[in-house]
Structures are given as C-alpha cells and as structure tokens.
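Structure file upload_8.tsv with TSV, C-alpha atoms:
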chain	number	residue	atom	x	y	z
A	1	MET	CA	-10.57	-42.45	-90.58
A	2	ALA	CA	-7.76	-43.08	-88.08
A	3	PRO	CA	-4.23	-41.92	-88.92
A	4	HIS	CA	-1.47	-44.28	-89.92
A	5	PRO	CA	0.24	-45.52	-86.73
A	6	ASP	CA	3.62	-44.29	-88.00
A	7	ASP	CA	2.26	-40.73	-88.06
A	8	ILE	CA	1.60	-40.26	-84.35
A	9	GLY	CA	3.98	-39.79	-81.46
A	10	PRO	CA	3.83	-39.70	-77.67
A	11	GLU	CA	3.31	-35.92	-77.56
A	12	PRO	CA	2.16	-33.41	-80.20
A	13	HIS	CA	5.49	-31.55	-80.16
A	14	ALA	CA	7.72	-34.64	-80.10
A	15	PRO	CA	9.48	-35.88	-83.25
A	16	LEU	CA	8.05	-39.14	-84.55
A	17	PRO	CA	9.98	-42.38	-84.01
A	18	PRO	CA	12.69	-42.84	-86.69
A	19	LEU	CA	11.99	-45.12	-89.65
A	20	PRO	CA	14.55	-46.94	-91.83
A	21	GLY	CA	15.37	-45.09	-95.05
A	22	HIS	CA	13.91	-41.79	-93.84
A	23	SER	CA	16.05	-38.68	-93.46
A	24	SER	CA	13.61	-36.95	-91.12
A	25	ARG	CA	11.25	-37.82	-88.32
A	26	GLY	CA	8.44	-35.81	-89.87
A	27	ARG	CA	5.00	-36.75	-91.13
A	28	LEU	CA	5.27	-35.34	-94.67
A	29	GLU	CA	8.13	-37.63	-95.67
A	30	ARG	CA	6.22	-40.66	-94.36
A	31	VAL	CA	3.11	-39.82	-96.37
A	32	LEU	CA	5.14	-39.42	-99.56
A	33	ARG	CA	7.25	-42.54	-99.08
A	34	ARG	CA	4.09	-44.61	-98.54
A	35	GLY	CA	2.94	-43.49	-101.98
A	36	GLU	CA	-0.01	-41.50	-100.70
A	37	PHE	CA	-1.00	-38.40	-102.67
A	38	ALA	CA	0.18	-35.56	-100.45
A	39	VAL	CA	-1.44	-32.17	-99.96
A	40	THR	CA	0.46	-29.17	-98.62
A	41	ALA	CA	-0.71	-25.59	-98.19
A	42	GLU	CA	0.77	-22.17	-97.64
A	43	LEU	CA	0.20	-20.19	-94.45
A	44	ASN	CA	-0.12	-16.45	-94.87
A	45	PRO	CA	2.23	-15.16	-92.13
A	46	PRO	CA	0.92	-12.44	-89.82
A	47	ASP	CA	2.26	-8.94	-89.38
A	48	SER	CA	2.04	-9.49	-85.66
A	49	ALA	CA	3.83	-10.82	-82.58
A	50	ASP	CA	0.71	-12.69	-81.42
A	51	PRO	CA	1.08	-16.49	-81.68
A	52	GLU	CA	-2.70	-16.91	-81.67
A	53	GLU	CA	-2.80	-15.36	-85.14
A	54	VAL	CA	-0.58	-18.19	-86.39
A	55	TYR	CA	-2.71	-20.85	-84.71
A	56	HIS	CA	-5.90	-19.31	-86.10
A	57	ARG	CA	-4.53	-19.31	-89.64
A	58	ALA	CA	-3.25	-22.88	-89.34
A	59	HIS	CA	-6.46	-24.28	-87.84
A	60	ILE	CA	-8.38	-24.04	-91.12
A	61	PHE	CA	-5.94	-26.52	-92.70
A	62	GLU	CA	-6.31	-29.11	-89.93
A	63	GLY	CA	-7.32	-32.54	-91.21
A	64	TRP	CA	-6.86	-31.50	-94.84
A	65	VAL	CA	-3.13	-31.08	-95.45
A	66	ASP	CA	0.04	-33.05	-94.74
A	67	GLY	CA	2.33	-30.03	-94.40
A	68	ILE	CA	2.06	-26.27	-93.95
A	69	ASN	CA	4.57	-23.96	-95.64
A	70	ALA	CA	5.77	-21.08	-93.50
A	71	THR	CA	6.86	-18.49	-96.05
A	72	ASP	CA	10.06	-16.52	-95.55
A	73	GLY	CA	9.54	-12.92	-96.62
A	74	SER	CA	7.79	-13.92	-99.83
A	75	GLY	CA	7.68	-11.17	-102.41
A	76	ALA	CA	10.41	-9.44	-100.34
A	77	HIS	CA	7.80	-8.30	-97.80
A	78	CYS	CA	8.47	-8.48	-94.09
A	79	HIS	CA	6.26	-10.72	-91.89
A	80	MET	CA	6.71	-12.97	-88.86
A	81	SER	CA	9.77	-15.16	-89.48
A	82	SER	CA	9.46	-18.63	-90.97
A	83	VAL	CA	11.46	-20.27	-88.19
A	84	ALA	CA	9.18	-18.72	-85.53
A	85	ILE	CA	6.01	-19.83	-87.31
A	86	CYS	CA	7.41	-23.36	-87.66
A	87	ALA	CA	8.33	-23.47	-83.98
A	88	LEU	CA	4.80	-22.43	-83.01
A	89	LEU	CA	3.18	-24.98	-85.32
A	90	THR	CA	5.48	-27.78	-84.18
A	91	ARG	CA	4.53	-27.12	-80.56
A	92	ILE	CA	0.99	-28.31	-81.18
A	93	GLY	CA	1.74	-31.11	-83.63
A	94	TYR	CA	1.44	-29.59	-87.09
A	95	SER	CA	3.97	-30.54	-89.77
A	96	PRO	CA	5.49	-27.27	-90.97
A	97	ILE	CA	7.76	-26.72	-93.97
A	98	MET	CA	10.27	-24.00	-93.18
A	99	GLN	CA	11.18	-21.86	-96.15
A	100	ILE	CA	14.65	-20.31	-96.26
A	101	SER	CA	15.29	-17.41	-98.62
A	102	CYS	CA	18.95	-16.83	-99.49
A	103	ARG	CA	18.13	-13.18	-100.16
A	104	ASP	CA	18.17	-12.32	-96.46
A	105	TYR	CA	20.88	-14.42	-94.80
A	106	ASN	CA	24.52	-15.33	-95.22
A	107	ARG	CA	25.81	-18.86	-94.73
A	108	ILE	CA	26.53	-18.30	-91.04
A	109	ALA	CA	22.97	-17.23	-90.26
A	110	ILE	CA	21.44	-19.93	-92.44
A	111	GLN	CA	23.35	-22.79	-90.84
A	112	GLY	CA	22.53	-21.45	-87.38
A	113	ASN	CA	18.83	-21.22	-88.28
A	114	VAL	CA	18.85	-24.76	-89.65
A	115	LEU	CA	20.27	-26.16	-86.40
A	116	GLY	CA	17.87	-24.09	-84.31
A	117	ALA	CA	14.84	-25.15	-86.34
A	118	ALA	CA	15.82	-28.82	-86.15
A	119	ALA	CA	16.26	-28.51	-82.38
A	120	LEU	CA	12.72	-27.11	-82.19
A	121	GLY	CA	11.34	-30.14	-84.05
A	122	VAL	CA	11.10	-28.76	-87.58
A	123	CYS	CA	11.55	-31.63	-90.05
A	124	ASN	CA	11.07	-30.05	-93.50
A	125	VAL	CA	13.01	-27.26	-95.22
A	126	LEU	CA	12.28	-25.66	-98.60
A	127	CYS	CA	15.36	-23.97	-100.07
A	128	LEU	CA	14.74	-20.81	-102.10
A	129	THR	CA	16.95	-18.19	-103.68
A	130	GLY	CA	14.33	-15.50	-102.97
A	131	ASP	CA	12.73	-12.61	-104.79
A	132	GLY	CA	14.79	-9.44	-105.25
A	133	VAL	CA	14.32	-6.69	-102.66
A	134	GLN	CA	13.02	-4.36	-105.37
A	135	CYS	CA	9.83	-6.45	-105.46
A	136	GLY	CA	8.83	-5.69	-101.88
A	137	ASP	CA	8.09	-2.93	-99.43
A	138	HIS	CA	11.74	-2.45	-98.39
A	139	PRO	CA	13.46	-1.77	-101.74
A	140	GLU	CA	16.28	0.03	-99.92
A	141	ALA	CA	17.24	-3.18	-98.07
A	142	LYS	CA	20.63	-4.74	-98.82
A	143	PRO	CA	20.23	-8.21	-100.39
A	144	VAL	CA	22.61	-10.96	-99.32
A	145	PHE	CA	22.50	-13.87	-101.80
A	146	ASP	CA	25.61	-15.41	-100.25
A	147	LEU	CA	24.15	-18.75	-101.43
A	148	ASP	CA	21.50	-19.68	-103.97
A	149	SER	CA	18.87	-22.39	-103.63
A	150	THR	CA	21.06	-25.12	-105.15
A	151	SER	CA	24.12	-24.38	-103.03
A	152	LEU	CA	21.88	-24.08	-99.96
A	153	LEU	CA	20.58	-27.60	-100.57
A	154	SER	CA	24.14	-28.85	-100.72
A	155	VAL	CA	25.08	-27.06	-97.49
A	156	ILE	CA	22.17	-28.51	-95.50
A	157	ARG	CA	22.70	-32.00	-96.95
A	158	THR	CA	26.34	-31.77	-95.82
A	159	MET	CA	25.20	-30.81	-92.33
A	160	ARG	CA	22.77	-33.74	-92.26
A	161	GLU	CA	24.89	-36.46	-93.82
A	162	GLU	CA	28.46	-35.47	-92.95
A	163	LYS	CA	27.73	-33.78	-89.61
A	164	ARG	CA	29.77	-30.69	-90.41
A	165	PHE	CA	29.37	-27.03	-91.23
A	166	LEU	CA	30.38	-25.69	-94.61
A	167	SER	CA	33.60	-24.53	-92.95
A	168	GLY	CA	34.46	-28.15	-92.12
A	169	ARG	CA	33.87	-27.80	-88.39
A	170	LYS	CA	32.13	-30.85	-86.93
A	171	LEU	CA	28.60	-30.97	-85.53
A	172	THR	CA	27.89	-32.97	-82.40
A	173	SER	CA	24.36	-33.75	-83.64
A	174	ALA	CA	23.16	-33.55	-87.25
A	175	PRO	CA	19.78	-32.03	-88.24
A	176	ASP	CA	17.32	-34.70	-89.44
A	177	LEU	CA	15.67	-32.84	-92.29
A	178	PHE	CA	13.62	-33.59	-95.42
A	179	LEU	CA	14.89	-31.17	-98.08
A	180	GLY	CA	12.80	-29.44	-100.69
A	181	ALA	CA	13.24	-27.18	-103.70
A	182	ALA	CA	11.01	-25.04	-105.89
A	183	GLU	CA	10.65	-25.20	-109.67
A	184	ASN	CA	8.60	-23.40	-112.31
A	185	PRO	CA	7.62	-25.54	-115.31
A	186	PHE	CA	5.51	-22.66	-116.66
A	187	ALA	CA	8.21	-20.08	-117.42
A	188	PRO	CA	10.66	-20.18	-120.33
A	189	PRO	CA	13.09	-21.63	-121.15
A	190	TYR	CA	10.87	-24.70	-120.75
A	191	ASP	CA	13.51	-27.24	-121.76
A	192	PHE	CA	15.84	-25.97	-119.03
A	193	ARG	CA	13.38	-26.51	-116.17
A	194	PRO	CA	13.85	-30.30	-115.85
A	195	ILE	CA	17.62	-29.82	-116.14
A	196	ARG	CA	17.58	-27.28	-113.30
A	197	LEU	CA	15.46	-29.62	-111.20
A	198	ALA	CA	18.02	-32.38	-111.84
A	199	LYS	CA	20.75	-30.08	-110.50
A	200	LYS	CA	18.74	-29.38	-107.37
A	201	ILE	CA	18.11	-33.09	-106.84
A	202	ALA	CA	21.84	-33.77	-107.23
A	203	ALA	CA	22.45	-31.09	-104.58
A	204	GLY	CA	20.05	-32.74	-102.14
A	205	ALA	CA	16.40	-31.98	-103.00
A	206	GLN	CA	14.05	-34.80	-101.98
A	207	PHE	CA	10.78	-33.05	-102.77
A	208	CYS	CA	9.82	-30.20	-105.06
A	209	GLN	CA	6.95	-27.73	-105.00
A	210	THR	CA	6.14	-25.95	-108.25
A	211	GLN	CA	4.77	-22.53	-109.12
A	212	TYR	CA	1.01	-22.24	-109.75
A	213	CYS	CA	-0.24	-24.53	-112.51
A	214	PHE	CA	-2.96	-23.09	-114.75
A	215	ASP	CA	-1.65	-24.65	-117.97
A	216	LEU	CA	-1.94	-28.44	-117.96
A	217	PRO	CA	-0.17	-29.05	-121.32
A	218	LEU	CA	2.94	-27.26	-120.05
A	219	LEU	CA	2.89	-29.37	-116.90
A	220	GLU	CA	2.47	-32.58	-118.91
A	221	ARG	CA	5.42	-31.59	-121.10
A	222	PHE	CA	7.55	-30.92	-118.00
A	223	MET	CA	6.53	-34.19	-116.33
A	224	GLN	CA	7.32	-36.16	-119.50
A	225	SER	CA	10.87	-34.83	-119.36
A	226	VAL	CA	11.01	-35.49	-115.61
A	227	ARG	CA	10.04	-39.12	-116.19
A	228	ASP	CA	12.41	-39.51	-119.14
A	229	MET	CA	15.26	-38.33	-116.89
A	230	GLY	CA	14.14	-40.57	-114.02
A	231	LEU	CA	13.74	-37.57	-111.72
A	232	ASP	CA	10.34	-38.71	-110.45
A	233	GLN	CA	12.12	-41.74	-108.93
A	234	ARG	CA	14.52	-39.49	-107.02
A	235	CYS	CA	12.27	-36.62	-105.95
A	236	PHE	CA	8.62	-36.21	-104.96
A	237	ILE	CA	6.90	-33.62	-107.20
A	238	LEU	CA	4.11	-31.53	-105.66
A	239	VAL	CA	2.39	-29.27	-108.19
A	240	GLY	CA	1.29	-25.79	-107.15
A	241	VAL	CA	-2.40	-24.96	-107.51
A	242	GLY	CA	-4.71	-22.26	-106.23
A	243	PRO	CA	-8.11	-20.62	-106.69
A	244	LEU	CA	-8.41	-17.36	-108.60
A	245	ALA	CA	-10.81	-14.88	-106.99
A	246	SER	CA	-11.71	-13.13	-110.26
A	247	ALA	CA	-10.60	-12.39	-113.79
A	248	ARG	CA	-9.22	-9.08	-112.53
A	249	THR	CA	-7.10	-10.92	-109.95
A	250	ALA	CA	-5.87	-13.32	-112.62
A	251	ARG	CA	-4.82	-10.46	-114.90
A	252	TRP	CA	-3.03	-8.73	-112.03
A	253	MET	CA	-1.17	-11.91	-111.04
A	254	ARG	CA	-0.12	-12.55	-114.62
A	255	ALA	CA	1.24	-9.04	-114.95
A	256	ASN	CA	2.80	-8.56	-111.51
A	257	VAL	CA	3.74	-11.90	-109.89
A	258	ALA	CA	7.02	-13.21	-111.23
A	259	GLY	CA	6.81	-16.60	-112.88
A	260	VAL	CA	3.00	-16.90	-112.84
A	261	HIS	CA	1.55	-18.01	-116.19
A	262	ILE	CA	-2.24	-17.85	-116.66
A	263	PRO	CA	-3.53	-18.67	-120.15
A	264	ASP	CA	-6.14	-16.45	-121.80
A	265	HIS	CA	-8.73	-19.23	-121.81
A	266	VAL	CA	-8.67	-19.38	-117.99
A	267	ILE	CA	-9.28	-15.64	-117.71
A	268	GLU	CA	-12.03	-15.81	-120.34
A	269	ARG	CA	-13.74	-18.59	-118.39
A	270	LEU	CA	-13.68	-16.47	-115.25
A	271	GLU	CA	-15.02	-13.42	-117.11
A	272	GLY	CA	-17.92	-15.48	-118.44
A	273	ALA	CA	-18.95	-16.81	-115.03
A	274	GLN	CA	-21.84	-15.38	-113.02
A	275	ASN	CA	-19.90	-16.02	-109.79
A	276	GLN	CA	-16.21	-15.57	-110.59
A	277	LYS	CA	-14.95	-16.63	-107.15
A	278	ALA	CA	-16.92	-19.89	-107.28
A	279	GLU	CA	-15.67	-20.48	-110.84
A	280	GLY	CA	-12.08	-19.89	-109.72
A	281	LYS	CA	-12.54	-22.53	-107.03
A	282	ARG	CA	-14.06	-24.93	-109.58
A	283	ILE	CA	-11.10	-24.42	-111.95
A	284	CYS	CA	-8.73	-25.25	-109.09
A	285	ILE	CA	-10.64	-28.42	-108.20
A	286	GLU	CA	-10.67	-29.58	-111.81
A	287	MET	CA	-6.95	-28.88	-112.12
A	288	ILE	CA	-6.17	-30.94	-109.03
A	289	GLN	CA	-8.22	-33.86	-110.35
A	290	ARG	CA	-6.36	-33.79	-113.66
A	291	ILE	CA	-2.96	-33.35	-112.04
A	292	ARG	CA	-3.69	-36.35	-109.81
A	293	GLU	CA	-3.70	-38.59	-112.89
A	294	ILE	CA	-0.33	-37.47	-114.30
A	295	PRO	CA	2.33	-40.15	-113.76
A	296	GLY	CA	5.15	-39.01	-111.51
A	297	VAL	CA	3.17	-36.40	-109.59
A	298	SER	CA	3.20	-37.11	-105.85
A	299	GLY	CA	0.90	-34.37	-104.59
A	300	VAL	CA	-0.31	-30.80	-104.81
A	301	HIS	CA	0.71	-27.61	-103.02
A	302	VAL	CA	-2.34	-25.39	-102.50
A	303	MET	CA	-1.65	-21.66	-102.47
A	304	ALA	CA	-4.87	-19.84	-101.64
A	305	TYR	CA	-3.70	-16.34	-100.74
A	306	ARG	CA	-6.48	-14.57	-98.83
A	307	GLN	CA	-8.78	-17.50	-99.65
A	308	GLU	CA	-7.37	-19.99	-97.15
A	309	GLU	CA	-10.88	-20.75	-95.87
A	310	TYR	CA	-11.57	-22.53	-99.18
A	311	VAL	CA	-8.70	-25.01	-98.91
A	312	SER	CA	-10.76	-27.63	-97.07
A	313	GLU	CA	-13.57	-27.35	-99.65
A	314	ILE	CA	-11.13	-27.57	-102.54
A	315	VAL	CA	-9.35	-30.63	-101.15
A	316	HIS	CA	-12.63	-32.33	-100.19
A	317	GLU	CA	-14.40	-31.69	-103.49
A	318	SER	CA	-11.37	-32.72	-105.54
A	319	GLY	CA	-11.46	-36.17	-103.91
A	320	VAL	CA	-7.67	-36.53	-104.05
A	321	LEU	CA	-7.38	-37.79	-100.49
A	322	ARG	CA	-9.55	-40.79	-101.47
A	323	GLY	CA	-10.81	-41.43	-97.98
A	324	ARG	CA	-7.55	-40.62	-96.21
A	325	THR	CA	-7.62	-38.03	-93.44
A	326	PRO	CA	-4.38	-36.11	-92.80
A	327	TRP	CA	-3.34	-35.59	-89.19
A	328	ARG	CA	-5.54	-33.61	-86.84
A	329	ARG	CA	-4.84	-32.62	-83.27
A	330	ASP	CA	-7.65	-34.85	-81.99
A	331	PHE	CA	-5.77	-37.84	-83.45
A	332	GLN	CA	-2.97	-37.30	-80.93
A	333	PRO	CA	-3.29	-40.11	-78.40
A	334	SER	CA	-2.02	-40.31	-74.90
A	335	MET	CA	1.41	-41.77	-74.20
A	336	GLN	CA	-0.28	-44.96	-73.01
A	337	ALA	CA	-2.14	-45.36	-76.31
A	338	VAL	CA	1.04	-44.87	-78.31
A	339	GLU	CA	2.82	-47.50	-76.23
A	340	SER	CA	-0.04	-49.93	-76.84
A	341	LEU	CA	0.33	-49.42	-80.63
A	342	GLY	CA	3.92	-50.57	-80.39
A	343	ALA	CA	3.16	-53.51	-78.16
Turn the structure described in the file into structure tokens.
Amino acid sequence: MAPHPDDIGPEPHAPLPPLPGHSSRGRLERVLRRGEFAVTAELNPPDSADPEEVYHRAHIFEGWVDGINATDGSGAHCHMSSVAICALLTRIGYSPIMQISCRDYNRIAIQGNVLGAAALGVCNVLCLTGDGVQCGDHPEAKPVFDLDSTSLLSVIRTMREEKRFLSGRKLTSAPDLFLGAAENPFAPPYDFRPIRLAKKIAAGAQFCQTQYCFDLPLLERFMQSVRDMGLDQRCFILVGVGPLASARTARWMRANVAGVHIPDHVIERLEGAQNQKAEGKRICIEMIQRIREIPGVSGVHVMAYRQEEYVSEIVHESGVLRGRTPWRRDFQPSMQAVESLGA
C-alpha cells in the first residue's frame, strides 16, 4: 500500500511540508492526528561509534513502525547518545523520537541539544526524568536532575511557542517539535497516575508512551480515568507492550526493572508453555489486539529488548495496522514525483 501523500518529502532527510494545526513537520504527529493507530518501537543503542550498527538495528523496523525511540542512557547505562542516533536515522528518512533524560544534563545543555536536534531534522522529543545513577554501570557518576520531566516539557514548549530560552533570551528560529511524556499506569498509587499525566499535558505533552502493559484491567482502569478527565482529547496515548522471552525473564524483570508489573498468571502461562519464547510473543500479540479496542488509546509502543527481530511479526500478526503500511525507504519518491503530487 502506498504511503499517505502528506508523509513523504522531496528528500529522505528533509522535513515534511508544514500542515495547519501541527507543531512539527514529522510523520508521527501526522499519523496520530489522522486517527490512525500508531506503532512505535525502541531501538537498542549500540556500544559503538559505527553508524552502520544503528542502521542495521533500525532496518528491522522498516515498514512496520511510525516512530523509533532512541533511548538516552536507559537504566543509567552508557550507550551511543540519543541525539546522535536520531541524527543518523533522520539522514535516511526514519522518524526518530529523541529521548532526553534530565539525570544527565542541566538546563543549558538540554536547551542546546534541543536546538541542535531540531536543526538536524528531529521532530519528536520524549521528556524523561531518568533512572537514578545507582541503577546503572556508573554508580559513581554525579546525577544532575536540574529539571524533571514535567519542567522539561514546559521549557521546550516555551522554546517552541514563545521563541525564547528559559532565561528569557530570544531565539531567532524556534524548534518545531512534537512533545511526549512517559507514564506508568501499572505502579501505585494508581489514582495518582492520571493526575500526573494531566500535569504533564498541562506542561506541554502531546503524546504519551506508557510502561509495559501486562495487566489489562489496570490499563482499563487508568484509561477510564483518562477519558473521564478528557485527557485522551488532549494527548495521544501509546501503550507499552513487549514479548517476554521466558518465565525466568519475566520474574527477573518484575524483580529488577523499576515500574514493571507482571501478574502471576502471565508467568504461569509462560511456565506451562512448551515453547516459552513463542508463547511470550503470542501474549504480546493478544495484548495489542485487546489494547486496540480500548477507547482513547491511540497506539502501542513496542519494546522488544534483544528480540527486535520479532517486532515485524508481532505487528503483522496483531493486525493493528489494518492494511496500512508505515513509511519505508523505498516509498521515498524523487523530487519530480513529489512535485507532481502537489500539482
């Protein structure tokens, strides 16, 4: 299936033509504003200076996802920087989502990185507070936390809408960015989660990606509150999902990954399966299909750590794209073809 004409530009690296009511010139915002069910995925950043490793890891998502998250020192571990990964992906036409962790930068560095990323063609930013340094492989590092995720959203929105730094100094050109936040409906206090999301939306969040969902009733409870507060009309909600490789992996994640909630019945189902990896993939597919039917949900964010090769199978077998094909590099037409579309 051919891409939507609004989703292609004259060159792979060039920002798309601006559209009324859009804050960015990126593809992810267009997909969501058209009401299409969006799929994003997480790229496992390399411990390398070789750009080909980034391209290799991104290639497996091609034609299956609408945006690729470039993580920023997730788990307080050092990898290739998010802004560098986004710059590499943007060069060849992918739609990256740059994560910014407040743990590692002060407001001066963050605002500089935002301007630099926007100049390189990055259109999406996910604002995170960040895991504590004690979680990672550099526990002796000095954390910054000059801002948190909510204040970071406000800072970038000010740069975009008021064309000024937090200091008040004027910008000559504002960054055109689609702003995102993270939320975890699966960790107590449950009643506070929609309230915190409302604060992030008030600060500038336009889309939200959640922590892994393995407990549908908790998600339905969260989404009921989101709808009651009208937050689904102000922010696009993408629910986190992912395949579990085994019951052992699930138990380890539940015990060691902050904020991850995996019910006993999911682990028991994995333990009872002849092929636990295949069963983990099936659980993920079923979860996506059920999430797709929850009012107010705009998409899913697939986190398949060390199982990225299964993302295409998961998305395909879930059927959530419903015949739609996200952008691929072979969709990119020549300049002449783009001009003919606008004729």
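Of note, CA of Lys281 (chain A) and CA of Val241 (chain A) are spaced 10.4 Å apart.
Considering all atoms listed in the file, the residue among A:Asp148, A:Asp330, A:Glu62, A:Asp137 positioned nearest to Arg103 (chain A) is A:Asp148.
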Open item on the list: Please compute the CA of Ser318 (chain A)-CA of Ile291 (chain A) distance, one decimal, in Å.
Closed with: 10.6 Å
- [ ] Identify, on the basis of only C-alpha atoms, every residue whose closest approach to Ala258 (chain A) does not exceed 10 Å; exclude the query and any residue fewer than 2 positions from it along the same chain; express the result as a ChimeraX atom specification.
- [x] /A:75,131,135,187,211,253-256,260-261
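The space separating CA of Leu88 (chain A) from CA of Asn124 (chain A) comes to 14.4 Å.
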Write out as an mmCIF file with C-alpha atoms, keeping the file's coordinate frame each polymer residue whose atoms come within 6 Å of region 93-100 of chain A, counting only C-alpha atoms; drop sequence neighbours fewer than 2 positions from it.
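The result, stored in around-v8.cif:
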data_model
loop_
_atom_site.group_PDB
_atom_site.id
_atom_site.type_symbol
_atom_site.label_atom_id
_atom_site.label_comp_id
_atom_site.auth_asym_id
_atom_site.auth_seq_id
_atom_site.Cartn_x
_atom_site.Cartn_y
_atom_site.Cartn_z
ATOM 1 C CA PRO A 12 2.160 -33.410 -80.200
ATOM 2 C CA HIS A 13 5.490 -31.550 -80.160
ATOM 3 C CA GLY A 67 2.330 -30.030 -94.400
ATOM 4 C CA ILE A 68 2.060 -26.270 -93.950
ATOM 5 C CA ASN A 69 4.570 -23.960 -95.640
ATOM 6 C CA ALA A 70 5.770 -21.080 -93.500
ATOM 7 C CA THR A 71 6.860 -18.490 -96.050
ATOM 8 C CA ASP A 72 10.060 -16.520 -95.550
ATOM 9 C CA SER A 82 9.460 -18.630 -90.970
ATOM 10 C CA CYS A 86 7.410 -23.360 -87.660
ATOM 11 C CA LEU A 89 3.180 -24.980 -85.320
ATOM 12 C CA THR A 90 5.480 -27.780 -84.180
ATOM 13 C CA ARG A 91 4.530 -27.120 -80.560
ATOM 14 C CA ASN A 124 11.070 -30.050 -93.500
ATOM 15 C CA VAL A 125 13.010 -27.260 -95.220
ATOM 16 C CA LEU A 126 12.280 -25.660 -98.600
ATOM 17 C CA CYS A 127 15.360 -23.970 -100.070
ATOM 18 C CA LEU A 128 14.740 -20.810 -102.100
#
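Close contacts of Pro18 (chain A), defined as residues with an atom at most 12 Å away when counting all atoms listed in the file, with chain neighbours fewer than 3 positions off set aside, comprise Asp6, Asp7, Ile8, Gly9, Ala14, Pro15, Gly21, His22, Ser23, Ser24, Arg25, Gly26, Arg27, Glu29, Arg30, Cys123, Asp176 and Leu177 of chain A.
Proximity to Val54 (chain A) was assessed for A:Ile85, A:Asn106, A:Ser312, A:Val226 counting all atoms listed in the file; the smallest distance is recorded for A:Ile85.
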Open item on the list: Excluding Thr150 (chain A) and its own-chain neighbours fewer than 3 positions away, which residues fall within 7 Å of it when counting all atoms listed in the file? Please give them as JSON, numbers by chain.
Closed with: {"A": [153, 154, 200, 203]}
Would you save the residues from that selection as a compact mmCIF listing (two decimals), keeping the file's coordinate frame, using C-alpha atoms?
# COMPACT_ATOMS: atom_id res chain seq x y z
CA LEU A 153 20.58 -27.60 -100.57
CA SER A 154 24.14 -28.85 -100.72
CA LYS A 200 18.74 -29.38 -107.37
CA ALA A 203 22.45 -31.09 -104.58
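Restricting the calculation to all atoms listed in the file, the smallest distance between Ser74 (chain A) and any of A:Ala58, A:Val315, A:Val257, A:Ile294 is found for A:Val257.
Minimum atom-to-atom distances from A:Glu313, A:Glu36, A:Asp146, A:Asp104 to Gly132 (chain A) were compared using only C-alpha atoms, and the lowest value belongs to A:Asp104.
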Determine the axis-aligned bounding box of all atoms of region 39-42 of chain A present in the file, pad each side by 5 Å, and express its centre and edge lengths in Å to one decimal place as AutoDock Vina command-line options.
--center_x -0.3 --center_y -27.2 --center_z -98.8 --size_x 12.2 --size_y 20.0 --size_z 12.3
Open item on the list: Which residues are near Ser173 (chain A)? Cut-off 12 Å, only C-alpha atoms, ignore same chain within fewer than 4 positions. Put them as a list in words.
Closed with: Leu115, Gly116, Ala118, Ala119, Met159, Arg160, Glu161, Glu162, Lys163, Arg164 and Phe165 of chain A
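Candidate residues A:Pro243, A:Gly296, A:Gly130, A:Gly259 were compared for distance to Glu279 (chain A), and the nearest is A:Pro243, using all atoms listed in the file.
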